[in-house]
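For reference, upload33.txt (compact mmCIF, C-alpha atoms):
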```
# COMPACT_ATOMS: atom_id res chain seq x y z
CA MET H 1 -17.15 -7.17 8.38
CA GLU H 2 -18.49 -3.78 9.24
CA GLU H 3 -19.62 -1.23 6.67
CA LEU H 4 -19.05 2.45 7.33
CA SER H 5 -20.88 5.13 5.42
CA LEU H 6 -19.82 8.70 4.81
CA ARG H 7 -20.58 11.67 2.64
CA THR H 8 -17.80 13.72 1.10
CA SER H 9 -18.24 17.36 0.21
CA SER H 10 -15.70 18.23 -2.49
CA ARG H 11 -13.88 16.60 -5.39
CA GLN H 12 -10.73 15.86 -3.47
CA GLU H 13 -10.76 15.60 0.28
CA MET H 14 -9.24 13.72 3.20
CA VAL H 15 -11.83 12.59 5.75
CA ASP H 16 -10.68 11.46 9.20
CA ILE H 17 -12.48 8.14 9.83
CA THR H 18 -10.48 7.06 12.89
CA GLY H 19 -13.49 7.36 15.20
CA LEU H 20 -15.68 5.31 12.86
CA VAL H 21 -13.05 2.56 12.61
CA GLN H 22 -12.56 2.50 16.38
CA GLU H 23 -16.33 2.26 16.87
CA ALA H 24 -16.50 -0.71 14.46
CA ILE H 25 -13.84 -2.48 16.54
CA ARG H 26 -15.69 -1.81 19.79
CA LYS H 27 -19.08 -2.79 18.44
CA ASN H 28 -17.76 -6.16 17.21
CA GLY H 29 -15.71 -6.90 20.30
CA TRP H 30 -12.51 -7.40 18.30
CA GLY H 31 -9.43 -7.87 20.49
CA SER H 32 -5.82 -7.94 19.26
CA GLY H 33 -4.79 -8.19 15.61
CA ALA H 34 -5.32 -5.78 12.76
CA VAL H 35 -8.15 -4.15 10.88
CA LEU H 36 -8.20 -4.06 7.12
CA VAL H 37 -9.82 -0.73 6.29
CA TYR H 38 -10.90 -1.24 2.69
CA CYS H 39 -12.29 1.11 0.06
CA PRO H 40 -14.60 -0.73 -2.37
CA HIS H 41 -14.61 2.27 -4.71
CA THR H 42 -12.08 2.81 -7.51
CA THR H 43 -11.73 6.58 -7.18
CA GLY H 44 -10.97 6.71 -3.45
CA ALA H 45 -8.35 5.24 -1.12
CA VAL H 46 -7.49 4.82 2.54
CA THR H 47 -4.32 6.05 4.21
CA ILE H 48 -2.85 6.81 7.62
CA ASN H 49 -1.10 10.12 8.17
CA GLU H 50 -0.90 13.05 10.57
CA GLY H 51 -4.19 14.31 11.96
CA ALA H 52 -3.00 16.93 14.45
CA ASP H 53 -2.52 19.73 11.92
CA PRO H 54 -5.25 19.76 9.23
CA ASP H 55 -2.78 21.43 6.87
CA VAL H 56 -1.05 18.07 6.41
CA ALA H 57 -4.17 16.49 4.91
CA ARG H 58 -4.70 19.63 2.81
CA ASP H 59 -1.09 19.50 1.55
CA ILE H 60 -1.45 15.83 0.63
CA ALA H 61 -4.68 16.40 -1.30
CA VAL H 62 -3.47 19.53 -3.11
CA ASN H 63 -0.12 18.08 -4.07
CA LEU H 64 -1.41 14.70 -5.20
CA ALA H 65 -3.36 16.77 -7.72
CA LYS H 66 -0.07 18.24 -8.95
CA ILE H 67 1.57 14.83 -9.26
CA VAL H 68 -1.46 13.40 -11.07
CA PRO H 69 -3.05 16.26 -13.02
CA ALA H 70 -6.82 16.40 -13.60
CA HIS H 71 -6.33 16.66 -17.36
CA GLY H 72 -3.81 14.74 -19.42
CA ASP H 73 -3.36 11.77 -21.72
CA TYR H 74 -6.53 10.06 -20.51
CA ARG H 75 -8.91 7.91 -22.57
CA HIS H 76 -11.40 6.82 -19.89
CA ALA H 77 -14.56 8.65 -20.88
CA GLU H 78 -15.78 9.49 -17.38
CA GLY H 79 -13.15 12.21 -16.99
CA ASN H 80 -11.85 10.93 -13.67
CA SER H 81 -8.76 9.00 -14.70
CA ASP H 82 -6.67 11.11 -12.32
CA ALA H 83 -8.82 9.78 -9.45
CA HIS H 84 -8.26 6.16 -10.52
CA ILE H 85 -4.49 6.70 -10.72
CA LYS H 86 -4.37 8.32 -7.26
CA ALA H 87 -6.45 5.42 -5.93
CA SER H 88 -3.77 2.93 -6.98
CA LEU H 89 -0.91 5.12 -5.75
CA VAL H 90 -2.37 5.53 -2.26
CA GLY H 91 -4.07 2.14 -2.33
CA PRO H 92 -7.57 0.95 -1.42
CA ASP H 93 -6.39 -1.16 1.52
CA GLN H 94 -4.94 0.06 4.78
CA LEU H 95 -4.00 -2.16 7.70
CA ALA H 96 -3.92 -0.77 11.21
CA PRO H 97 -2.78 -2.64 14.34
CA VAL H 98 -5.34 -3.26 17.09
CA GLU H 99 -4.46 -4.11 20.68
CA ASP H 100 -6.98 -5.11 23.33
CA GLY H 101 -9.84 -3.62 21.34
CA ARG H 102 -8.12 -0.30 20.61
CA LEU H 103 -6.58 0.98 17.39
CA ARG H 104 -2.86 1.19 18.08
CA LEU H 105 -1.65 4.04 15.92
CA GLY H 106 1.40 6.26 16.28
CA THR H 107 1.03 9.41 18.35
CA TRP H 108 0.13 11.70 15.44
CA GLN H 109 -1.55 9.15 13.20
CA ARG H 110 -5.16 9.12 12.07
CA VAL H 111 -6.96 6.99 9.49
CA PHE H 112 -8.20 8.93 6.45
CA PHE H 113 -10.53 8.15 3.62
CA CYS H 114 -9.14 9.89 0.55
CA GLU H 115 -11.85 11.17 -1.76
CA PHE H 116 -10.50 11.73 -5.27
CA ASP H 117 -13.75 12.15 -7.23
CA GLY H 118 -16.36 13.59 -4.92
CA PRO H 119 -18.59 14.75 -3.61
CA ARG H 120 -20.16 11.32 -3.20
CA THR H 121 -21.64 8.97 -0.66
CA ARG H 122 -19.01 6.34 0.11
CA LYS H 123 -18.80 3.00 1.87
CA ILE H 124 -15.74 1.77 3.72
CA TRP H 125 -15.43 -1.86 4.82
CA VAL H 126 -13.67 -2.75 8.04
CA ASN H 127 -12.49 -6.38 8.18
CA TRP H 128 -11.04 -8.13 11.20
CA LEU H 129 -7.79 -10.09 11.07
CA PRO H 130 -7.13 -11.65 14.48
CA GLY H 131 -3.57 -11.68 15.78
CA LYS H 132 -3.65 -15.16 17.27
CA MET Z 1 0.10 -20.38 -0.06
CA GLU Z 2 -0.79 -20.66 -3.70
CA GLU Z 3 1.50 -19.64 -6.54
CA LEU Z 4 0.01 -18.14 -9.68
CA SER Z 5 1.95 -17.92 -12.90
CA LEU Z 6 1.46 -15.52 -15.76
CA ARG Z 7 3.18 -14.21 -18.85
CA THR Z 8 3.17 -10.51 -19.65
CA SER Z 9 3.48 -9.20 -23.18
CA SER Z 10 4.83 -5.66 -23.01
CA ARG Z 11 7.10 -3.52 -20.86
CA GLN Z 12 4.28 -1.92 -18.88
CA GLU Z 13 0.93 -3.62 -18.59
CA MET Z 14 -1.94 -4.22 -16.20
CA VAL Z 15 -3.09 -7.85 -16.14
CA ASP Z 16 -6.46 -8.71 -14.58
CA ILE Z 17 -5.76 -11.66 -12.25
CA THR Z 18 -9.09 -11.64 -10.39
CA GLY Z 19 -10.11 -15.00 -11.82
CA LEU Z 20 -6.80 -16.61 -10.85
CA VAL Z 21 -7.06 -15.27 -7.30
CA GLN Z 22 -10.66 -16.46 -6.98
CA GLU Z 23 -9.64 -19.89 -8.24
CA ALA Z 24 -6.85 -20.08 -5.61
CA ILE Z 25 -9.42 -19.33 -2.90
CA ARG Z 26 -11.81 -21.98 -4.18
CA LYS Z 27 -9.13 -24.62 -4.66
CA ASN Z 28 -7.89 -24.19 -1.08
CA GLY Z 29 -11.34 -24.03 0.49
CA TRP Z 30 -10.64 -20.69 2.17
CA GLY Z 31 -13.68 -19.19 3.88
CA SER Z 32 -13.90 -15.67 5.35
CA GLY Z 33 -10.94 -13.39 5.92
CA ALA Z 34 -8.57 -11.79 3.44
CA VAL Z 35 -6.10 -12.82 0.78
CA LEU Z 36 -2.68 -11.26 0.59
CA VAL Z 37 -1.91 -11.09 -3.12
CA TYR Z 38 1.85 -10.69 -3.14
CA CYS Z 39 4.34 -9.93 -5.91
CA PRO Z 40 7.75 -11.51 -5.18
CA HIS Z 41 9.34 -9.47 -8.00
CA THR Z 42 10.83 -6.01 -7.53
CA THR Z 43 9.71 -4.53 -10.85
CA GLY Z 44 6.03 -5.38 -10.57
CA ALA Z 45 3.18 -4.68 -8.16
CA VAL Z 46 -0.39 -5.64 -7.34
CA THR Z 47 -3.31 -3.22 -7.19
CA ILE Z 48 -7.10 -3.14 -7.23
CA ASN Z 49 -8.86 -0.73 -9.57
CA GLU Z 50 -11.65 -0.53 -12.11
CA GLY Z 51 -11.90 -3.40 -14.56
CA ALA Z 52 -15.09 -2.52 -16.45
CA ASP Z 53 -13.49 -0.07 -18.87
CA PRO Z 54 -10.03 -1.24 -20.05
CA ASP Z 55 -9.11 2.40 -20.64
CA VAL Z 56 -8.72 2.85 -16.87
CA ALA Z 57 -5.89 0.31 -16.69
CA ARG Z 58 -4.37 1.85 -19.84
CA ASP Z 59 -4.55 5.33 -18.29
CA ILE Z 60 -2.91 4.12 -15.09
CA ALA Z 61 -0.04 2.43 -16.93
CA VAL Z 62 0.58 5.29 -19.37
CA ASN Z 63 0.45 7.99 -16.72
CA LEU Z 64 2.59 6.18 -14.14
CA ALA Z 65 5.23 6.33 -16.87
CA LYS Z 66 4.86 10.12 -16.95
CA ILE Z 67 5.13 10.40 -13.17
CA VAL Z 68 8.18 8.12 -13.09
CA PRO Z 69 10.03 8.61 -16.40
CA ALA Z 70 11.93 5.73 -18.02
CA HIS Z 71 15.12 7.79 -18.13
CA GLY Z 72 16.40 10.08 -15.42
CA ASP Z 73 18.86 10.37 -12.55
CA TYR Z 74 19.26 6.61 -12.23
CA ARG Z 75 22.41 4.70 -11.25
CA HIS Z 76 21.10 1.13 -11.18
CA ALA Z 77 22.85 -0.47 -14.14
CA GLU Z 78 19.98 -2.65 -15.33
CA GLY Z 79 18.15 0.35 -16.78
CA ASN Z 80 14.88 -0.39 -15.02
CA SER Z 81 15.01 1.96 -12.03
CA ASP Z 82 11.68 3.44 -13.07
CA ALA Z 83 10.11 0.00 -12.67
CA HIS Z 84 11.54 -0.37 -9.15
CA ILE Z 85 10.20 3.06 -8.14
CA LYS Z 86 6.74 2.29 -9.51
CA ALA Z 87 6.81 -1.03 -7.66
CA SER Z 88 7.23 0.78 -4.33
CA LEU Z 89 4.64 3.44 -5.19
CA VAL Z 90 1.93 0.92 -6.07
CA GLY Z 91 3.27 -1.68 -3.64
CA PRO Z 92 3.96 -5.41 -3.92
CA ASP Z 93 1.23 -6.40 -1.45
CA GLN Z 94 -2.50 -6.11 -1.93
CA LEU Z 95 -5.12 -7.31 0.54
CA ALA Z 96 -8.60 -8.22 -0.64
CA PRO Z 97 -11.51 -9.22 1.59
CA VAL Z 98 -12.95 -12.72 1.20
CA GLU Z 99 -16.40 -13.78 2.40
CA ASP Z 100 -17.67 -17.35 2.37
CA GLY Z 101 -15.07 -18.38 -0.17
CA ARG Z 102 -15.65 -15.47 -2.54
CA LEU Z 103 -13.53 -12.39 -3.17
CA ARG Z 104 -15.58 -9.50 -1.87
CA LEU Z 105 -14.60 -6.57 -4.05
CA GLY Z 106 -16.46 -3.36 -4.86
CA THR Z 107 -18.79 -3.42 -7.87
CA TRP Z 108 -16.22 -2.17 -10.38
CA GLN Z 109 -13.07 -3.54 -8.75
CA ARG Z 110 -10.71 -6.12 -10.18
CA VAL Z 111 -7.29 -7.30 -9.00
CA PHE Z 112 -4.43 -6.39 -11.33
CA PHE Z 113 -0.84 -7.45 -11.60
CA CYS Z 114 1.13 -4.38 -12.70
CA GLU Z 115 4.00 -5.24 -15.01
CA PHE Z 116 6.59 -2.46 -15.06
CA ASP Z 117 9.51 -4.22 -16.77
CA GLY Z 118 8.12 -6.86 -19.06
CA PRO Z 119 7.56 -8.87 -21.02
CA ARG Z 120 8.39 -11.55 -18.46
CA THR Z 121 7.05 -14.68 -16.85
CA ARG Z 122 5.85 -13.72 -13.37
CA LYS Z 123 4.79 -15.47 -10.19
CA ILE Z 124 2.19 -14.11 -7.79
CA TRP Z 125 1.72 -15.58 -4.32
CA VAL Z 126 -1.70 -15.76 -2.75
CA ASN Z 127 -1.61 -16.11 1.05
CA TRP Z 128 -4.57 -16.77 3.28
CA LEU Z 129 -5.33 -14.69 6.38
CA PRO Z 130 -8.38 -16.10 8.14
CA GLY Z 131 -10.87 -13.67 9.60
CA LYS Z 132 -11.59 -15.56 12.81
CA MET W 1 3.72 -7.09 18.76
CA GLU W 2 7.44 -6.44 18.57
CA GLU W 3 8.97 -2.97 18.49
CA LEU W 4 12.10 -2.39 16.45
CA SER W 5 14.26 0.66 16.96
CA LEU W 6 16.62 2.28 14.50
CA ARG W 7 18.55 5.47 13.91
CA THR W 8 18.60 7.09 10.50
CA SER W 9 21.46 9.29 9.36
CA SER W 10 20.16 11.59 6.65
CA ARG W 11 16.96 13.36 5.61
CA GLN W 12 15.92 10.75 3.10
CA GLU W 13 17.22 7.24 3.31
CA MET W 14 16.23 3.62 2.77
CA VAL W 15 17.26 1.34 5.65
CA ASP W 16 17.26 -2.44 5.13
CA ILE W 17 15.41 -3.86 8.16
CA THR W 18 14.96 -7.41 6.85
CA GLY W 19 17.25 -8.88 9.51
CA LEU W 20 15.43 -7.06 12.31
CA VAL W 21 12.05 -8.29 11.05
CA GLN W 22 13.29 -11.85 10.71
CA GLU W 23 14.72 -11.70 14.26
CA ALA W 24 11.33 -10.51 15.59
CA ILE W 25 9.68 -13.53 13.94
CA ARG W 26 12.23 -15.94 15.40
CA LYS W 27 12.13 -14.41 18.87
CA ASN W 28 8.34 -14.73 19.04
CA GLY W 29 8.17 -18.19 17.56
CA TRP W 30 5.76 -17.13 14.80
CA GLY W 31 5.07 -19.87 12.26
CA SER W 32 3.17 -19.42 8.98
CA GLY W 33 1.13 -16.36 8.06
CA ALA W 34 2.21 -12.78 7.49
CA VAL W 35 3.91 -9.97 9.36
CA LEU W 36 2.50 -6.48 9.28
CA VAL W 37 5.57 -4.23 9.36
CA TYR W 38 4.12 -0.93 10.48
CA CYS W 39 5.56 2.57 10.71
CA PRO W 40 3.92 4.57 13.54
CA HIS W 41 5.50 7.79 12.25
CA THR W 42 3.90 10.08 9.67
CA THR W 43 7.07 11.04 7.79
CA GLY W 44 8.36 7.54 7.12
CA ALA W 45 7.09 4.40 5.40
CA VAL W 46 7.86 0.73 4.87
CA THR W 47 8.36 -0.93 1.50
CA ILE W 48 9.80 -4.07 -0.08
CA ASN W 49 12.15 -3.71 -3.03
CA GLU W 50 15.49 -4.91 -4.38
CA GLY W 51 18.33 -5.13 -1.89
CA ALA W 52 21.06 -6.72 -4.00
CA ASP W 53 22.21 -3.50 -5.66
CA PRO W 54 22.21 -0.53 -3.25
CA ASP W 55 21.73 1.78 -6.22
CA VAL W 56 18.09 0.70 -6.41
CA ALA W 57 17.33 2.11 -2.95
CA ARG W 58 19.34 5.22 -3.83
CA ASP W 59 17.38 5.67 -7.07
CA ILE W 60 14.06 5.29 -5.23
CA ALA W 61 14.98 7.86 -2.58
CA VAL W 62 16.44 10.41 -5.01
CA ASN W 63 13.59 10.15 -7.49
CA LEU W 64 10.78 10.23 -4.93
CA ALA W 65 12.24 13.63 -4.07
CA LYS W 66 11.76 14.69 -7.69
CA ILE W 67 8.17 13.45 -7.77
CA VAL W 68 7.37 15.16 -4.46
CA PRO W 69 9.58 18.26 -4.24
CA ALA W 70 10.88 19.51 -0.89
CA HIS W 71 9.41 22.96 -1.51
CA GLY W 72 6.04 23.71 -3.04
CA ASP W 73 2.48 24.69 -2.26
CA TYR W 74 2.71 23.56 1.34
CA ARG W 75 0.98 25.12 4.37
CA HIS W 76 2.07 22.73 7.12
CA ALA W 77 4.38 24.87 9.23
CA GLU W 78 6.94 22.19 10.05
CA GLY W 79 8.40 22.32 6.54
CA ASN W 80 8.16 18.57 5.97
CA SER W 81 4.97 18.27 3.92
CA ASP W 82 6.90 16.44 1.22
CA ALA W 83 7.74 13.74 3.77
CA HIS W 84 4.08 13.33 4.73
CA ILE W 85 3.03 13.01 1.08
CA LYS W 86 5.72 10.41 0.38
CA ALA W 87 4.60 8.52 3.50
CA SER W 88 1.09 8.12 2.07
CA LEU W 89 2.35 7.25 -1.42
CA VAL W 90 4.62 4.46 -0.20
CA GLY W 91 2.39 3.64 2.77
CA PRO W 92 3.07 3.02 6.45
CA ASP W 93 2.04 -0.64 6.32
CA GLN W 94 3.80 -3.46 4.56
CA LEU W 95 2.75 -7.09 4.67
CA ALA W 96 5.29 -9.85 4.11
CA PRO W 97 4.52 -13.58 3.91
CA VAL W 98 6.06 -15.86 6.56
CA GLU W 99 6.44 -19.62 6.19
CA ASP W 100 7.61 -21.94 8.95
CA GLY W 101 9.13 -19.06 10.88
CA ARG W 102 10.98 -17.53 7.93
CA LEU W 103 10.19 -14.40 5.93
CA ARG W 104 9.24 -15.65 2.48
CA LEU W 105 10.32 -12.87 0.14
CA GLY W 106 11.19 -12.97 -3.55
CA THR W 107 14.80 -13.69 -4.48
CA TRP W 108 15.91 -10.05 -4.65
CA GLN W 109 13.49 -8.59 -2.13
CA ARG W 110 14.38 -6.91 1.16
CA VAL W 111 12.23 -4.96 3.62
CA PHE W 112 13.12 -1.27 3.87
CA PHE W 113 12.22 1.48 6.27
CA CYS W 114 11.93 4.66 4.22
CA GLU W 115 13.10 7.74 6.09
CA PHE W 116 11.68 10.91 4.57
CA ASP W 117 12.46 13.44 7.31
CA GLY W 118 15.56 12.31 9.13
CA PRO W 119 17.90 11.93 10.71
CA ARG W 120 15.76 10.62 13.57
CA THR W 121 15.35 7.71 15.93
CA ARG W 122 12.47 5.60 14.63
CA LYS W 123 10.29 2.78 15.89
CA ILE W 124 8.84 0.08 13.66
CA TRP W 125 6.12 -2.27 14.88
CA VAL W 126 6.00 -5.87 13.73
CA ASN W 127 2.58 -7.48 14.17
CA TRP W 128 1.77 -11.14 13.64
CA LEU W 129 -1.14 -12.31 11.50
CA PRO W 130 -1.34 -16.10 11.61
CA GLY W 131 -2.18 -17.95 8.42
CA LYS W 132 -4.49 -20.53 9.91
```
Rewrite the structure from the file as structure tokens, please.
Amino acid sequence: MEELSLRTSSRQEMVDITGLVQEAIRKNGWGSGAVLVYCPHTTGAVTINEGADPDVARDIAVNLAKIVPAHGDYRHAEGNSDAHIKASLVGPDQLAPVEDGRLRLGTWQRVFFCEFDGPRTRKIWVNWLPGK
Amino acid sequence: MEELSLRTSSRQEMVDITGLVQEAIRKNGWGSGAVLVYCPHTTGAVTINEGADPDVARDIAVNLAKIVPAHGDYRHAEGNSDAHIKASLVGPDQLAPVEDGRLRLGTWQRVFFCEFDGPRTRKIWVNWLPGK
Amino acid sequence: MEELSLRTSSRQEMVDITGLVQEAIRKNGWGSGAVLVYCPHTTGAVTINEGADPDVARDIAVNLAKIVPAHGDYRHAEGNSDAHIKASLVGPDQLAPVEDGRLRLGTWQRVFFCEFDGPRTRKIWVNWLPGK
């Protein structure tokens, strides 16, 4: 298991962590299988989506906030229930295929950490699941 | 594979199954890798979120019902289309890292079965994916 | 890794790919573990839900379009931001248990490719994660 560390800069934000995940694979000498990219926080998530046009990540972040409004019928006293709900909708776990030591994503795909209650310092765990 | 059994008590409910999953790991002597916690039902799901304050699970359940209303443009005759939609949004599969025979979750994380069409008796399958 | 190919016929559509996934397992002689059914596209996803009544898949597709409207506060110039958002909500990765060379799904479950920006020709990758 490899632990990544990152700092987010706003309340809701999509951070491209593809390079960090690839570096974890290289550093550990992992071959072919899959990586479980796992968010141990309950107000963040991990997803894979388009990274070529930054407007895609912006549109995802902005519109998730419309689907799950910041204020509503929430009882959790910390005032971040929307972030918890988004975390379960997007999900804390993301699997990505790895082939011969390289992330094997689609042409336009990148791995993103989704910050829903930042800015914060966050950890991401990268776990290896061998293919054979 | 280990099959867990549980009984839910209302239509929509989040049930903390962390202890049951941990017990399945212990009983089978699984070491380091990940467990696939899998819901074989189509109106339930598995997620990981905060378990310290029960209001978080309550807020998730109540607000998923606002995002996916119980009544709408639904044709499925069983009257539980909302539950099917929530099942695909949250997802039937949840991976959790395991280290030396222990679930390795974040500080506040717990594993939840999400009941979307209860009360029912439910099965959850726990599958082992070794890390090496 | 096995690559599946399919052609979708409308903008949003749920395509049952259970048979294709099972055939990939058989062809490769995979035994017990899990398959990672992975969508390398950023405007599609993979999910598991009910396949007995086709109205369930129809209700999911139609109502996801209500949750994430086709037009909104979107900047991505390709006009398919809704498809990208749905892709991250449903998720590009789906794990399914496999036992003795057979997909082990719940009674009513089928594996679906979710097309959110079709019609297109799509690839789906099936990766093997052995159980032991």
Output chain Z, superimposed onto chain H using in-order Cα pairs, as a compact mmCIF listing (two decimals) with C-alpha atoms, keeping the file's coordinate frame:
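Once everything was written out, this is superposed.txt:
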```txt
# COMPACT_ATOMS: atom_id res chain seq x y z
CA MET Z 1 -17.14 -7.18 8.37
CA GLU Z 2 -18.49 -3.78 9.23
CA GLU Z 3 -19.62 -1.23 6.66
CA LEU Z 4 -19.05 2.45 7.33
CA SER Z 5 -20.87 5.13 5.41
CA LEU Z 6 -19.81 8.70 4.80
CA ARG Z 7 -20.59 11.68 2.64
CA THR Z 8 -17.80 13.73 1.09
CA SER Z 9 -18.22 17.37 0.20
CA SER Z 10 -15.69 18.23 -2.50
CA ARG Z 11 -13.89 16.60 -5.41
CA GLN Z 12 -10.71 15.86 -3.47
CA GLU Z 13 -10.77 15.60 0.29
CA MET Z 14 -9.25 13.72 3.20
CA VAL Z 15 -11.84 12.59 5.75
CA ASP Z 16 -10.68 11.46 9.20
CA ILE Z 17 -12.48 8.15 9.84
CA THR Z 18 -10.48 7.06 12.90
CA GLY Z 19 -13.49 7.37 15.19
CA LEU Z 20 -15.69 5.31 12.87
CA VAL Z 21 -13.06 2.57 12.62
CA GLN Z 22 -12.58 2.51 16.39
CA GLU Z 23 -16.34 2.27 16.86
CA ALA Z 24 -16.50 -0.72 14.46
CA ILE Z 25 -13.83 -2.48 16.54
CA ARG Z 26 -15.66 -1.80 19.79
CA LYS Z 27 -19.07 -2.79 18.44
CA ASN Z 28 -17.75 -6.14 17.20
CA GLY Z 29 -15.70 -6.90 20.30
CA TRP Z 30 -12.50 -7.39 18.31
CA GLY Z 31 -9.43 -7.87 20.49
CA SER Z 32 -5.81 -7.94 19.26
CA GLY Z 33 -4.78 -8.19 15.63
CA ALA Z 34 -5.31 -5.78 12.76
CA VAL Z 35 -8.15 -4.15 10.89
CA LEU Z 36 -8.20 -4.05 7.13
CA VAL Z 37 -9.82 -0.72 6.28
CA TYR Z 38 -10.90 -1.24 2.69
CA CYS Z 39 -12.29 1.11 0.06
CA PRO Z 40 -14.60 -0.73 -2.37
CA HIS Z 41 -14.61 2.29 -4.72
CA THR Z 42 -12.08 2.81 -7.50
CA THR Z 43 -11.74 6.58 -7.16
CA GLY Z 44 -10.96 6.69 -3.46
CA ALA Z 45 -8.35 5.25 -1.11
CA VAL Z 46 -7.50 4.80 2.55
CA THR Z 47 -4.32 6.05 4.21
CA ILE Z 48 -2.85 6.81 7.62
CA ASN Z 49 -1.10 10.12 8.17
CA GLU Z 50 -0.90 13.03 10.58
CA GLY Z 51 -4.18 14.31 11.95
CA ALA Z 52 -3.00 16.94 14.44
CA ASP Z 53 -2.51 19.73 11.92
CA PRO Z 54 -5.25 19.77 9.24
CA ASP Z 55 -2.78 21.43 6.88
CA VAL Z 56 -1.05 18.06 6.41
CA ALA Z 57 -4.17 16.49 4.90
CA ARG Z 58 -4.70 19.65 2.81
CA ASP Z 59 -1.10 19.49 1.56
CA ILE Z 60 -1.45 15.83 0.64
CA ALA Z 61 -4.68 16.39 -1.31
CA VAL Z 62 -3.48 19.53 -3.11
CA ASN Z 63 -0.12 18.08 -4.06
CA LEU Z 64 -1.41 14.68 -5.20
CA ALA Z 65 -3.35 16.76 -7.72
CA LYS Z 66 -0.07 18.24 -8.96
CA ILE Z 67 1.56 14.83 -9.25
CA VAL Z 68 -1.46 13.39 -11.07
CA PRO Z 69 -3.05 16.27 -13.02
CA ALA Z 70 -6.82 16.39 -13.59
CA HIS Z 71 -6.33 16.64 -17.35
CA GLY Z 72 -3.81 14.73 -19.41
CA ASP Z 73 -3.35 11.75 -21.71
CA TYR Z 74 -6.52 10.06 -20.50
CA ARG Z 75 -8.91 7.91 -22.56
CA HIS Z 76 -11.39 6.82 -19.88
CA ALA Z 77 -14.56 8.65 -20.87
CA GLU Z 78 -15.78 9.49 -17.37
CA GLY Z 79 -13.16 12.22 -16.99
CA ASN Z 80 -11.86 10.93 -13.67
CA SER Z 81 -8.75 9.00 -14.70
CA ASP Z 82 -6.68 11.08 -12.31
CA ALA Z 83 -8.82 9.78 -9.45
CA HIS Z 84 -8.26 6.16 -10.52
CA ILE Z 85 -4.48 6.69 -10.71
CA LYS Z 86 -4.38 8.31 -7.27
CA ALA Z 87 -6.45 5.42 -5.92
CA SER Z 88 -3.77 2.93 -6.99
CA LEU Z 89 -0.92 5.13 -5.75
CA VAL Z 90 -2.36 5.54 -2.26
CA GLY Z 91 -4.08 2.15 -2.35
CA PRO Z 92 -7.57 0.96 -1.43
CA ASP Z 93 -6.40 -1.16 1.51
CA GLN Z 94 -4.95 0.06 4.77
CA LEU Z 95 -4.00 -2.16 7.70
CA ALA Z 96 -3.93 -0.77 11.22
CA PRO Z 97 -2.79 -2.64 14.33
CA VAL Z 98 -5.34 -3.26 17.08
CA GLU Z 99 -4.46 -4.11 20.69
CA ASP Z 100 -6.99 -5.11 23.32
CA GLY Z 101 -9.84 -3.62 21.34
CA ARG Z 102 -8.12 -0.31 20.61
CA LEU Z 103 -6.58 0.97 17.39
CA ARG Z 104 -2.88 1.18 18.08
CA LEU Z 105 -1.66 4.04 15.93
CA GLY Z 106 1.41 6.25 16.27
CA THR Z 107 1.03 9.42 18.35
CA TRP Z 108 0.12 11.70 15.45
CA GLN Z 109 -1.56 9.14 13.18
CA ARG Z 110 -5.17 9.11 12.08
CA VAL Z 111 -6.97 6.99 9.48
CA PHE Z 112 -8.20 8.93 6.46
CA PHE Z 113 -10.54 8.15 3.63
CA CYS Z 114 -9.14 9.89 0.54
CA GLU Z 115 -11.85 11.18 -1.76
CA PHE Z 116 -10.51 11.74 -5.27
CA ASP Z 117 -13.76 12.16 -7.23
CA GLY Z 118 -16.36 13.58 -4.91
CA PRO Z 119 -18.61 14.77 -3.61
CA ARG Z 120 -20.15 11.32 -3.20
CA THR Z 121 -21.63 8.98 -0.65
CA ARG Z 122 -19.00 6.34 0.11
CA LYS Z 123 -18.80 3.00 1.87
CA ILE Z 124 -15.74 1.75 3.71
CA TRP Z 125 -15.42 -1.87 4.82
CA VAL Z 126 -13.67 -2.75 8.04
CA ASN Z 127 -12.48 -6.38 8.18
CA TRP Z 128 -11.04 -8.12 11.19
CA LEU Z 129 -7.78 -10.09 11.07
CA PRO Z 130 -7.13 -11.65 14.47
CA GLY Z 131 -3.58 -11.68 15.75
CA LYS Z 132 -3.62 -15.16 17.26
```
Pick from H:Glu2, H:Asp73, H:Asp117, H:Asp55, whichever lies nearest to chain W using all atoms listed in the file: H:Asp55
Which chain H residues have any atom within 7 Å of an atom of chain W, and for each, what is the nearest pair of atoms with distance in Å to one decimal, counting only C-alpha atoms, rows sorted by chain and number, as a tab-separated table?
```
residue	atom	partner	partner_atom	distance
H:Gly33	CA	W:Leu129	CA	6.9
H:Thr47	CA	W:Ser88	CA	6.2
H:Ile48	CA	W:Ser88	CA	6.9
H:Asn49	CA	W:Thr42	CA	5.2
H:Glu50	CA	W:Thr42	CA	5.7
H:Asp55	CA	W:His76	CA	5.0
H:Val56	CA	W:His76	CA	5.7
H:Asp59	CA	W:Tyr74	CA	5.6
H:Ile60	CA	W:Ile85	CA	5.3
H:Ile67	CA	W:Ile67	CA	6.9
H:Leu89	CA	W:Leu89	CA	5.8
H:Val90	CA	W:Leu89	CA	5.1
H:Leu95	CA	W:Asp93	CA	6.4
H:Leu105	CA	W:Pro40	CA	6.1
H:Gly106	CA	W:Pro40	CA	4.1
H:Gln109	CA	W:Thr42	CA	6.6
H:Pro130	CA	W:Leu129	CA	6.7
H:Gly131	CA	W:Leu129	CA	5.0
H:Lys132	CA	W:Pro130	CA	6.2
```
Region 5-14 of chain W surroundings by only C-alpha atoms, 10 Å radius, close-in-sequence under 6 positions cut, as a PyMOL selection string: chain W and resi 20+44-47+54+56-58+60-62+64-65+83+111-125
Polymer residues at most 12 Å from (-16.9, -16.9, -2.7) by all atoms listed in the file, as number ranges by chain: Z: 19, 21-34, 97-105
